[in-house]
>>> print(open('input.tsv').read())   # TSV, C-alpha atoms
chain	number	residue	atom	x	y	z
P	23	ALA	CA	31.18	-151.80	-35.27
P	24	CYS	CA	33.03	-152.86	-38.40
P	25	ARG	CA	33.74	-149.31	-39.49
P	26	ASP	CA	35.21	-148.38	-36.10
P	27	THR	CA	37.36	-151.51	-36.15
P	28	VAL	CA	38.71	-150.71	-39.61
P	29	VAL	CA	39.56	-147.16	-38.60
P	30	ALA	CA	41.39	-148.42	-35.51
P	31	MET	CA	43.28	-151.12	-37.42
P	32	LEU	CA	44.43	-148.69	-40.13
P	33	GLY	CA	46.49	-146.98	-37.45
P	34	ALA	CA	48.20	-150.20	-36.37
P	35	PRO	CA	51.38	-151.62	-37.95
P	36	LEU	CA	51.19	-154.85	-39.96
P	37	ASP	CA	52.28	-158.03	-38.19
P	38	ASN	CA	53.57	-159.50	-41.47
P	39	ALA	CA	54.12	-158.44	-45.05
P	40	PRO	CA	50.96	-159.01	-47.16
P	41	GLY	CA	50.94	-162.43	-48.78
P	42	SER	CA	53.79	-163.78	-46.66
P	43	THR	CA	51.89	-165.88	-44.10
P	44	TYR	CA	48.46	-167.18	-43.12
P	45	SER	CA	46.49	-165.73	-40.22
P	46	TYR	CA	42.72	-166.16	-39.92
P	47	SER	CA	40.82	-163.09	-38.82
P	48	ASN	CA	37.19	-161.99	-38.99
P	49	PHE	CA	38.59	-158.52	-39.65
P	50	GLY	CA	39.02	-159.44	-43.31
P	51	PHE	CA	35.30	-160.20	-43.64
P	52	CYS	CA	34.57	-156.91	-41.91
P	53	VAL	CA	36.67	-155.04	-44.49
P	54	LEU	CA	34.94	-156.93	-47.31
P	55	SER	CA	31.52	-155.90	-45.95
P	56	LEU	CA	32.49	-152.23	-46.10
P	57	LEU	CA	34.00	-152.62	-49.58
P	58	ILE	CA	30.70	-154.09	-50.79
P	59	GLU	CA	28.87	-151.07	-49.35
P	60	ALA	CA	31.32	-148.64	-50.95
P	61	VAL	CA	31.14	-150.23	-54.41
P	62	SER	CA	27.41	-151.01	-54.47
P	63	GLY	CA	26.14	-147.88	-52.73
P	64	VAL	CA	23.75	-149.89	-50.54
P	65	ASP	CA	23.95	-151.35	-47.04
P	66	TYR	CA	25.81	-154.64	-46.80
P	67	ILE	CA	22.81	-156.70	-45.69
P	68	ASP	CA	20.62	-155.19	-48.43
P	69	TYR	CA	23.18	-156.23	-51.03
P	70	VAL	CA	23.45	-159.76	-49.63
P	71	GLN	CA	19.67	-160.16	-49.53
P	72	ARG	CA	19.17	-158.91	-53.10
P	73	HIS	CA	22.13	-160.48	-54.89
P	74	VAL	CA	22.96	-163.60	-52.88
P	75	ALA	CA	19.94	-164.69	-50.86
P	76	ALA	CA	16.99	-163.75	-53.10
P	77	PRO	CA	18.25	-165.51	-56.28
P	78	VAL	CA	18.43	-168.86	-54.44
P	79	GLY	CA	15.24	-168.37	-52.42
P	80	ALA	CA	16.97	-167.83	-49.07
P	81	SER	CA	14.33	-165.57	-47.53
P	82	SER	CA	15.43	-165.86	-43.89
P	83	VAL	CA	18.81	-164.14	-44.34
P	84	ARG	CA	19.12	-161.04	-42.16
P	85	LEU	CA	21.39	-159.35	-39.64
P	86	GLY	CA	21.13	-161.02	-36.26
P	87	GLY	CA	20.09	-159.27	-33.09
P	88	ALA	CA	22.06	-158.63	-29.91
P	89	LEU	CA	19.16	-159.00	-27.47
P	90	ARG	CA	16.59	-161.72	-26.77
P	91	SER	CA	13.86	-159.28	-27.82
P	92	GLN	CA	15.46	-159.13	-31.29
P	93	LEU	CA	15.25	-162.86	-32.04
P	94	GLY	CA	13.54	-163.77	-35.30
P	95	ALA	CA	10.18	-165.55	-35.37
P	96	ASN	CA	11.73	-169.00	-35.98
P	97	GLU	CA	15.14	-168.35	-34.44
P	98	THR	CA	16.42	-170.55	-31.64
P	99	ASP	CA	17.20	-169.29	-28.18
P	100	TYR	CA	20.88	-169.23	-27.26
P	101	TYR	CA	22.64	-170.54	-24.16
P	102	MET	CA	26.08	-170.66	-22.65
P	103	GLN	CA	27.72	-173.19	-20.38
P	104	PRO	CA	27.40	-172.41	-17.56
P	105	ARG	CA	23.90	-171.04	-18.13
P	106	ASP	CA	24.50	-168.09	-15.80
P	107	ALA	CA	27.66	-166.85	-17.59
P	108	THR	CA	27.74	-163.04	-17.68
P	109	GLN	CA	29.97	-160.23	-18.82
P	110	PRO	CA	29.72	-156.41	-18.95
P	111	SER	CA	27.07	-155.15	-21.37
P	112	VAL	CA	28.31	-153.60	-24.60
P	113	PHE	CA	25.28	-151.29	-24.55
P	114	PRO	CA	24.47	-148.35	-22.26
P	115	ALA	CA	21.33	-148.50	-20.17
P	116	THR	CA	18.26	-147.13	-21.94
P	117	PRO	CA	14.92	-145.86	-20.61
P	118	GLY	CA	12.35	-148.64	-20.53
P	119	GLY	CA	14.92	-151.35	-19.86
P	120	ASN	CA	15.55	-152.56	-23.45
P	121	THR	CA	19.24	-152.61	-22.60
P	122	SER	CA	20.95	-152.39	-19.27
P	123	ALA	CA	24.38	-151.50	-17.98
P	124	GLY	CA	26.45	-153.77	-15.75
P	125	ASN	CA	26.77	-157.54	-16.19
P	126	VAL	CA	24.38	-159.25	-18.60
P	127	SER	CA	24.05	-162.65	-20.23
P	128	VAL	CA	27.01	-163.22	-22.54
P	129	VAL	CA	24.67	-164.15	-25.41
P	130	TYR	CA	22.23	-161.27	-24.90
P	131	GLY	CA	23.95	-157.93	-24.56
P	132	GLY	CA	27.52	-159.18	-24.29
P	133	TRP	CA	28.03	-158.91	-28.07
P	134	ASN	CA	26.79	-156.42	-30.65
P	135	VAL	CA	26.05	-159.06	-33.27
P	136	PRO	CA	24.58	-156.89	-36.07
P	137	ALA	CA	27.64	-154.61	-35.96
P	138	LEU	CA	29.78	-157.56	-37.10
P	139	LEU	CA	28.24	-157.48	-40.60
P	140	GLY	CA	30.01	-160.13	-42.72
P	141	GLY	CA	32.32	-161.03	-39.85
P	142	GLY	CA	29.62	-163.04	-38.08
P	143	GLY	CA	26.54	-160.84	-38.01
P	144	ILE	CA	24.24	-162.74	-40.39
P	145	VAL	CA	21.49	-165.13	-39.28
P	146	ALA	CA	19.72	-167.60	-41.58
P	147	SER	CA	17.85	-170.88	-41.36
P	148	SER	CA	19.76	-174.09	-41.98
P	149	ILE	CA	17.99	-174.76	-45.26
P	150	ASP	CA	18.74	-171.25	-46.51
P	151	VAL	CA	22.44	-171.70	-45.75
P	152	LEU	CA	22.37	-174.85	-47.88
P	153	ARG	CA	20.49	-173.03	-50.64
P	154	THR	CA	23.19	-170.37	-50.69
P	155	VAL	CA	25.99	-172.93	-50.95
P	156	ASN	CA	24.12	-174.57	-53.84
P	157	GLY	CA	24.58	-171.25	-55.62
P	158	LEU	CA	28.31	-171.99	-55.71
P	159	ASP	CA	27.90	-175.33	-57.47
P	160	PRO	CA	27.41	-175.25	-61.27
P	161	ARG	CA	25.96	-178.78	-61.04
P	162	ALA	CA	23.03	-177.58	-58.89
P	163	THR	CA	20.84	-176.99	-61.91
P	164	ASN	CA	17.82	-175.83	-59.91
P	165	PHE	CA	19.80	-172.90	-58.51
P	166	PRO	CA	21.34	-169.89	-60.26
P	167	GLN	CA	25.13	-169.78	-60.13
P	168	LEU	CA	26.00	-166.87	-57.85
P	169	VAL	CA	29.62	-166.41	-58.92
P	170	SER	CA	31.50	-166.89	-62.17
P	171	ASP	CA	33.55	-169.94	-63.11
P	172	ALA	CA	36.66	-167.75	-62.92
P	173	MET	CA	35.86	-166.79	-59.33
P	174	LEU	CA	35.19	-170.42	-58.37
P	175	HIS	CA	38.61	-171.25	-59.79
P	176	GLU	CA	40.18	-168.57	-57.59
P	177	LEU	CA	38.24	-169.78	-54.55
P	178	VAL	CA	40.11	-173.10	-54.40
P	179	GLN	CA	43.65	-171.88	-55.13
P	180	ARG	CA	46.32	-172.73	-52.57
P	181	PRO	CA	48.01	-169.61	-51.16
P	182	ASN	CA	51.77	-169.59	-51.70
P	183	VAL	CA	52.66	-169.43	-48.01
P	184	SER	CA	54.60	-171.87	-45.85
P	185	GLU	CA	51.58	-172.94	-43.77
P	186	TRP	CA	49.86	-174.53	-46.79
P	187	ARG	CA	52.74	-175.47	-49.08
P	188	ASN	CA	52.63	-179.15	-50.13
P	189	LYS	CA	49.56	-179.73	-47.94
P	190	SER	CA	46.34	-181.46	-48.97
P	191	THR	CA	44.25	-178.88	-47.09
P	192	TRP	CA	44.49	-175.10	-47.16
P	193	PHE	CA	42.43	-171.98	-46.61
P	194	GLY	CA	41.23	-170.54	-49.91
P	195	LEU	CA	38.90	-167.59	-50.45
P	196	GLY	CA	36.72	-167.86	-47.35
P	197	TRP	CA	36.64	-171.67	-47.30
P	198	LEU	CA	38.90	-174.42	-46.02
P	199	VAL	CA	39.71	-176.45	-49.15
P	200	GLN	CA	40.56	-180.15	-49.10
P	201	ASP	CA	42.23	-181.77	-52.10
P	202	VAL	CA	40.33	-185.04	-52.60
P	203	TYR	CA	41.70	-186.36	-55.88
P	204	GLY	CA	45.23	-184.98	-55.96
P	205	VAL	CA	44.44	-182.63	-58.83
P	206	PRO	CA	46.54	-179.43	-58.82
P	207	PRO	CA	44.21	-176.50	-58.10
P	208	ALA	CA	45.34	-174.75	-61.29
P	209	GLN	CA	44.01	-177.69	-63.33
P	210	ALA	CA	40.74	-178.15	-61.48
P	211	ARG	CA	37.41	-177.24	-63.01
P	212	GLY	CA	35.57	-174.99	-60.60
P	213	ILE	CA	35.07	-176.61	-57.20
P	214	ASP	CA	34.06	-180.12	-58.25
P	215	ARG	CA	37.37	-181.72	-57.22
P	216	PHE	CA	37.50	-180.40	-53.68
P	217	ASN	CA	35.75	-180.66	-50.35
P	218	LEU	CA	34.91	-177.26	-48.88
P	219	LEU	CA	34.49	-176.63	-45.17
P	220	TYR	CA	33.64	-173.63	-43.04
P	221	MET	CA	33.12	-173.45	-39.29
P	222	GLY	CA	32.19	-170.52	-37.10
P	223	SER	CA	30.99	-169.73	-33.63
P	224	LEU	CA	29.87	-166.93	-31.38
P	225	PRO	CA	28.89	-167.15	-27.71
P	226	GLY	CA	25.83	-169.39	-27.56
P	227	CYS	CA	26.11	-171.08	-30.96
P	228	GLN	CA	28.39	-172.98	-33.30
P	229	SER	CA	27.93	-174.26	-36.83
P	230	ILE	CA	29.91	-176.10	-39.45
P	231	ILE	CA	29.11	-176.71	-43.11
P	232	PHE	CA	30.65	-179.27	-45.44
P	233	ARG	CA	30.29	-179.12	-49.18
P	234	PHE	CA	31.77	-182.37	-50.52
P	235	ALA	CA	33.33	-182.84	-53.94
P	236	SER	CA	30.41	-185.14	-54.79
P	237	GLY	CA	28.02	-182.21	-54.36
P	238	LEU	CA	26.60	-183.54	-51.08
P	239	GLN	CA	26.19	-180.91	-48.36
P	240	LEU	CA	26.09	-181.31	-44.62
P	241	LEU	CA	25.28	-178.59	-42.10
P	242	LYS	CA	25.65	-179.08	-38.35
P	243	GLY	CA	24.65	-176.45	-35.84
P	244	ASN	CA	24.22	-176.36	-32.10
P	245	VAL	CA	23.62	-173.96	-29.27
P	246	THR	CA	26.33	-174.13	-26.62
>>> encode(input="input.tsv", output="structure tokens")
Amino acid sequence: ACRDTVVAMLGAPLDNAPGSTYSYSNFGFCVLSLLIEAVSGVDYIDYVQRHVAAPVGASSVRLGGALRSQLGANETDYYMQPRDATQPSVFPATPGGNTSAGNVSVVYGGWNVPALLGGGGIVASSIDVLRTVNGLDPRATNFPQLVSDAMLHELVQRPNVSEWRNKSTWFGLGWLVQDVYGVPPAQARGIDRFNLLYMGSLPGCQSIIFRFASGLQLLKGNVT
């Protein structure tokens, strides 16, 4: 679970000084999930549903399940290649057979998806993902703006680390940012001068979303 991971990581030494290098890790999203709970006083998914999903009409947003029996009504089934891929269950066996010990399907019982919280635990329909991204674009007049102009400005800033220095693409606040027009980030208005990209995967699925500087959005998802 996120909380257990944070406790364990607090006892580990840092690999690098903060702000000195780039290293992607879902752990950061896990920490953010717990910070949201601490500040808001509500569960992470409740906060996301009330303050992010509901304002843009994204009604399908919820924590995913770890077992086939926990799939949502309109949620796809998940597969691995090869189809018979297994690994040890992350759950103990329970009476009635809801979970079992030993080797299980990688996609059903091999991961505790809801425990990931913001680090990969949320499930939503494709259209609701696009609705949520529209909430970042001030030009999407039919959708409420979910974050302030000041935060959008911060979202696209290039970190001052060697990996991204003098590059046309960098990782901003949760998004890969692509400089389309050669405008310095500090002079840009919101996100309308940049392409934004985010890609993620877990066993059994992969998705990628593009939000182009023109405002066009493209979402691609597949089960693996």
>>> residues_around(input="input.tsv", residues="stretch 228-240 of chain P", least_positions_apart="6", cutoff="12 Å", atoms="only C-alpha atoms", output="JSON, numbers by chain")
{"P": [100, 101, 102, 142, 145, 146, 147, 148, 149, 151, 152, 153, 154, 155, 156, 157, 158, 159, 160, 161, 162, 163, 178, 197, 198, 199, 200, 201, 202, 203, 210, 211, 212, 213, 214, 215, 216, 217, 218, 219, 220, 221, 222, 246]}
>>> closest_residue(input="input.tsv", among="P:Tyr66, P:Leu241, P:Leu57, P:Ser45", to="P:Trp186", atoms="all atoms listed in the file")
P:Ser45
>>> atom_distance(input="input.tsv", atom1="atom CA of P:Gly143", atom2="atom CA of P:Tyr44")
23.4 Å
>>> atom_distance(input="input.tsv", atom1="atom CA of P:Val70", atom2="atom CA of P:Leu174")
18.1 Å
>>> atom_distance(input="input.tsv", atom1="atom CA of P:Asp68", atom2="atom CA of P:Cys52")
15.5 Å
>>> closest_residue(input="input.tsv", among="P:Tyr46, P:Glu176, P:Gly86, P:Gly124", to="P:Thr98", atoms="only C-alpha atoms")
P:Gly86
>>> closest_residue(input="input.tsv", among="P:Ile67, P:Ala115, P:Leu32, P:Ala60", to="P:Arg84", atoms="all atoms listed in the file")
P:Ile67
>>> closest_residue(input="input.tsv", among="P:Ser223, P:Gln167, P:Ser111, P:Gln179", to="P:Val74", atoms="only C-alpha atoms")
P:Gln167
>>> residues_around(input="input.tsv", residues="P:Pro225", least_positions_apart="4", cutoff="12 Å", atoms="only C-alpha atoms", output="JSON, numbers by chain")
{"P": [88, 99, 100, 101, 102, 103, 104, 105, 107, 108, 109, 127, 128, 129, 130, 131, 132, 133, 134, 135, 142, 229, 244, 245, 246]}
>>> closest_residue(input="input.tsv", among="P:Phe165, P:Phe49, P:Trp192, P:Phe113", to="P:Leu138", atoms="all atoms listed in the file")
P:Phe49
>>> closest_atom_pairs(input="input.tsv", of="stretch 66-149 of chain P", to="stretch 26-29 of chain P", cutoff="12 Å", atoms="only C-alpha atoms", output="CSV")
residue,atom,partner,partner_atom,distance
P:Ala137,CA,P:Asp26,CA,9.8
P:Leu138,CA,P:Thr27,CA,9.7
P:Leu139,CA,P:Thr27,CA,11.8
P:Gly141,CA,P:Thr27,CA,11.4
>>> decode(input="input.tsv", residues="stretch 54-200 of chain P", atoms="C-alpha atoms", output="mmCIF file, in the first residue's frame")
data_model
loop_
_atom_site.group_PDB
_atom_site.id
_atom_site.type_symbol
_atom_site.label_atom_id
_atom_site.label_comp_id
_atom_site.auth_asym_id
_atom_site.auth_seq_id
_atom_site.Cartn_x
_atom_site.Cartn_y
_atom_site.Cartn_z
ATOM 1 C CA LEU P 54 0.977 13.176 -3.293
ATOM 2 C CA SER P 55 -2.052 10.929 -2.704
ATOM 3 C CA LEU P 56 -1.312 10.794 1.017
ATOM 4 C CA LEU P 57 -0.673 14.549 1.176
ATOM 5 C CA ILE P 58 -4.096 15.151 -0.371
ATOM 6 C CA GLU P 59 -5.661 12.914 2.298
ATOM 7 C CA ALA P 60 -3.781 14.695 5.085
ATOM 8 C CA VAL P 61 -4.712 18.206 3.929
ATOM 9 C CA SER P 62 -8.309 17.501 2.870
ATOM 10 C CA GLY P 63 -9.259 15.093 5.659
ATOM 11 C CA VAL P 64 -10.963 12.705 3.213
ATOM 12 C CA ASP P 65 -9.860 9.588 1.354
ATOM 13 C CA TYR P 66 -7.857 10.242 -1.792
ATOM 14 C CA ILE P 67 -10.402 8.768 -4.194
ATOM 15 C CA ASP P 68 -13.251 10.688 -2.521
ATOM 16 C CA TYR P 69 -11.347 13.925 -3.040
ATOM 17 C CA VAL P 70 -10.595 13.134 -6.679
ATOM 18 C CA GLN P 71 -14.220 12.210 -7.382
ATOM 19 C CA ARG P 72 -15.615 15.358 -5.736
ATOM 20 C CA HIS P 73 -13.111 17.990 -6.846
ATOM 21 C CA VAL P 74 -11.680 16.671 -10.122
ATOM 22 C CA ALA P 75 -14.071 14.176 -11.681
ATOM 23 C CA ALA P 76 -17.513 15.518 -10.699
ATOM 24 C CA PRO P 77 -16.975 19.114 -11.946
ATOM 25 C CA VAL P 78 -16.210 17.855 -15.478
ATOM 26 C CA GLY P 79 -18.842 15.097 -15.487
ATOM 27 C CA ALA P 80 -16.381 12.197 -15.236
ATOM 28 C CA SER P 81 -18.670 9.794 -13.390
ATOM 29 C CA SER P 82 -16.719 6.585 -14.046
ATOM 30 C CA VAL P 83 -13.624 7.568 -12.027
ATOM 31 C CA ARG P 84 -12.939 5.112 -9.205
ATOM 32 C CA LEU P 85 -10.204 2.981 -7.675
ATOM 33 C CA GLY P 86 -9.570 -0.111 -9.763
ATOM 34 C CA GLY P 87 -9.887 -3.646 -8.503
ATOM 35 C CA ALA P 88 -7.245 -6.330 -8.115
ATOM 36 C CA LEU P 89 -9.452 -9.306 -9.004
ATOM 37 C CA ARG P 90 -11.653 -10.201 -11.977
ATOM 38 C CA SER P 91 -14.663 -10.163 -9.641
ATOM 39 C CA GLN P 92 -13.956 -6.474 -8.939
ATOM 40 C CA LEU P 93 -14.176 -5.287 -12.553
ATOM 41 C CA GLY P 94 -16.578 -2.419 -13.180
ATOM 42 C CA ALA P 95 -19.768 -2.879 -15.191
ATOM 43 C CA ASN P 96 -18.256 -1.453 -18.406
ATOM 44 C CA GLU P 97 -14.611 -2.237 -17.694
ATOM 45 C CA THR P 98 -12.597 -4.334 -20.126
ATOM 46 C CA ASP P 99 -11.067 -7.657 -19.250
ATOM 47 C CA TYR P 100 -7.275 -7.690 -19.015
ATOM 48 C CA TYR P 101 -4.767 -10.083 -20.560
ATOM 49 C CA MET P 102 -1.065 -10.726 -20.603
ATOM 50 C CA GLN P 103 1.187 -12.178 -23.271
ATOM 51 C CA PRO P 104 1.516 -15.076 -22.871
ATOM 52 C CA ARG P 105 -2.074 -15.532 -21.704
ATOM 53 C CA ASP P 106 -1.057 -18.041 -19.033
ATOM 54 C CA ALA P 107 1.518 -15.750 -17.341
ATOM 55 C CA THR P 108 1.397 -16.178 -13.560
ATOM 56 C CA GLN P 109 3.159 -14.947 -10.460
ATOM 57 C CA PRO P 110 2.718 -15.413 -6.689
ATOM 58 C CA SER P 111 -0.483 -13.875 -5.349
ATOM 59 C CA VAL P 112 -0.130 -10.683 -3.315
ATOM 60 C CA PHE P 113 -3.162 -11.764 -1.268
ATOM 61 C CA PRO P 114 -3.529 -14.559 1.291
ATOM 62 C CA ALA P 115 -6.063 -17.286 0.643
ATOM 63 C CA THR P 116 -9.530 -16.487 1.990
ATOM 64 C CA PRO P 117 -12.504 -18.715 2.824
ATOM 65 C CA GLY P 118 -14.850 -19.005 -0.135
ATOM 66 C CA GLY P 119 -12.077 -18.679 -2.699
ATOM 67 C CA ASN P 120 -12.273 -14.912 -3.401
ATOM 68 C CA THR P 121 -8.489 -14.856 -3.278
ATOM 69 C CA SER P 122 -6.042 -17.695 -3.345
ATOM 70 C CA ALA P 123 -2.439 -18.267 -2.362
ATOM 71 C CA GLY P 124 0.201 -19.615 -4.723
ATOM 72 C CA ASN P 125 0.572 -18.603 -8.371
ATOM 73 C CA VAL P 126 -2.244 -16.596 -9.945
ATOM 74 C CA SER P 127 -2.807 -14.635 -13.136
ATOM 75 C CA VAL P 128 -0.468 -11.640 -13.192
ATOM 76 C CA VAL P 129 -3.385 -9.299 -13.929
ATOM 77 C CA TYR P 130 -5.761 -10.758 -11.335
ATOM 78 C CA GLY P 131 -4.155 -11.139 -7.940
ATOM 79 C CA GLY P 132 -0.581 -10.395 -8.938
ATOM 80 C CA TRP P 133 -1.007 -6.675 -8.164
ATOM 81 C CA ASN P 134 -2.933 -4.822 -5.471
ATOM 82 C CA VAL P 135 -4.171 -2.115 -7.816
ATOM 83 C CA PRO P 136 -6.361 -0.054 -5.431
ATOM 84 C CA ALA P 137 -3.469 0.228 -2.964
ATOM 85 C CA LEU P 138 -1.541 2.231 -5.580
ATOM 86 C CA LEU P 139 -3.883 5.238 -5.181
ATOM 87 C CA GLY P 140 -2.553 8.053 -7.405
ATOM 88 C CA GLY P 141 0.415 5.954 -8.469
ATOM 89 C CA GLY P 142 -1.681 3.896 -10.884
ATOM 90 C CA GLY P 143 -4.756 2.814 -8.958
ATOM 91 C CA ILE P 144 -7.476 4.834 -10.714
ATOM 92 C CA VAL P 145 -9.758 3.450 -13.429
ATOM 93 C CA ALA P 146 -11.918 5.596 -15.726
ATOM 94 C CA SER P 147 -13.536 5.406 -19.134
ATOM 95 C CA SER P 148 -11.685 6.889 -22.089
ATOM 96 C CA ILE P 149 -14.166 9.733 -22.482
ATOM 97 C CA ASP P 150 -13.896 10.618 -18.795
ATOM 98 C CA VAL P 151 -10.109 10.814 -19.052
ATOM 99 C CA LEU P 152 -10.545 13.285 -21.908
ATOM 100 C CA ARG P 153 -13.116 15.247 -19.915
ATOM 101 C CA THR P 154 -10.626 15.560 -17.070
ATOM 102 C CA VAL P 155 -7.863 16.812 -19.358
ATOM 103 C CA ASN P 156 -10.294 19.385 -20.763
ATOM 104 C CA GLY P 157 -10.429 20.746 -17.221
ATOM 105 C CA LEU P 158 -6.798 21.807 -17.655
ATOM 106 C CA ASP P 159 -7.472 23.869 -20.774
ATOM 107 C CA PRO P 160 -8.864 27.396 -20.267
ATOM 108 C CA ARG P 161 -10.053 27.331 -23.898
ATOM 109 C CA ALA P 162 -12.433 24.411 -23.195
ATOM 110 C CA THR P 163 -15.307 26.733 -22.410
ATOM 111 C CA ASN P 164 -17.804 23.945 -21.742
ATOM 112 C CA PHE P 165 -15.685 22.650 -18.860
ATOM 113 C CA PRO P 166 -14.750 24.277 -15.546
ATOM 114 C CA GLN P 167 -11.042 25.018 -15.166
ATOM 115 C CA LEU P 168 -9.784 22.624 -12.505
ATOM 116 C CA VAL P 169 -6.553 24.431 -11.639
ATOM 117 C CA SER P 170 -5.484 28.062 -11.565
ATOM 118 C CA ASP P 171 -3.591 29.860 -14.316
ATOM 119 C CA ALA P 172 -0.628 30.101 -11.938
ATOM 120 C CA MET P 173 -0.575 26.324 -11.493
ATOM 121 C CA LEU P 174 -0.837 25.746 -15.255
ATOM 122 C CA HIS P 175 2.173 28.029 -15.636
ATOM 123 C CA GLU P 176 4.109 25.901 -13.136
ATOM 124 C CA LEU P 177 3.012 22.693 -14.859
ATOM 125 C CA VAL P 178 5.009 23.438 -18.022
ATOM 126 C CA GLN P 179 8.207 24.797 -16.454
ATOM 127 C CA ARG P 180 11.456 23.070 -17.407
ATOM 128 C CA PRO P 181 13.293 21.681 -14.359
ATOM 129 C CA ASN P 182 16.804 23.072 -13.991
ATOM 130 C CA VAL P 183 18.546 19.702 -14.217
ATOM 131 C CA SER P 184 21.058 18.412 -16.758
ATOM 132 C CA GLU P 185 18.676 15.855 -18.300
ATOM 133 C CA TRP P 186 16.354 18.577 -19.630
ATOM 134 C CA ARG P 187 18.640 21.589 -20.055
ATOM 135 C CA ASN P 188 18.443 23.082 -23.574
ATOM 136 C CA LYS P 189 16.027 20.336 -24.654
ATOM 137 C CA SER P 190 12.729 20.817 -26.488
ATOM 138 C CA THR P 191 11.042 18.168 -24.330
ATOM 139 C CA TRP P 192 11.082 17.770 -20.558
ATOM 140 C CA PHE P 193 9.079 16.330 -17.696
ATOM 141 C CA GLY P 194 7.061 19.029 -15.955
ATOM 142 C CA LEU P 195 4.537 18.591 -13.151
ATOM 143 C CA GLY P 196 3.187 15.138 -13.967
ATOM 144 C CA TRP P 197 3.289 15.605 -17.752
ATOM 145 C CA LEU P 198 5.910 15.275 -20.458
ATOM 146 C CA VAL P 199 6.038 18.755 -22.012
ATOM 147 C CA GLN P 200 7.033 19.418 -25.621
#
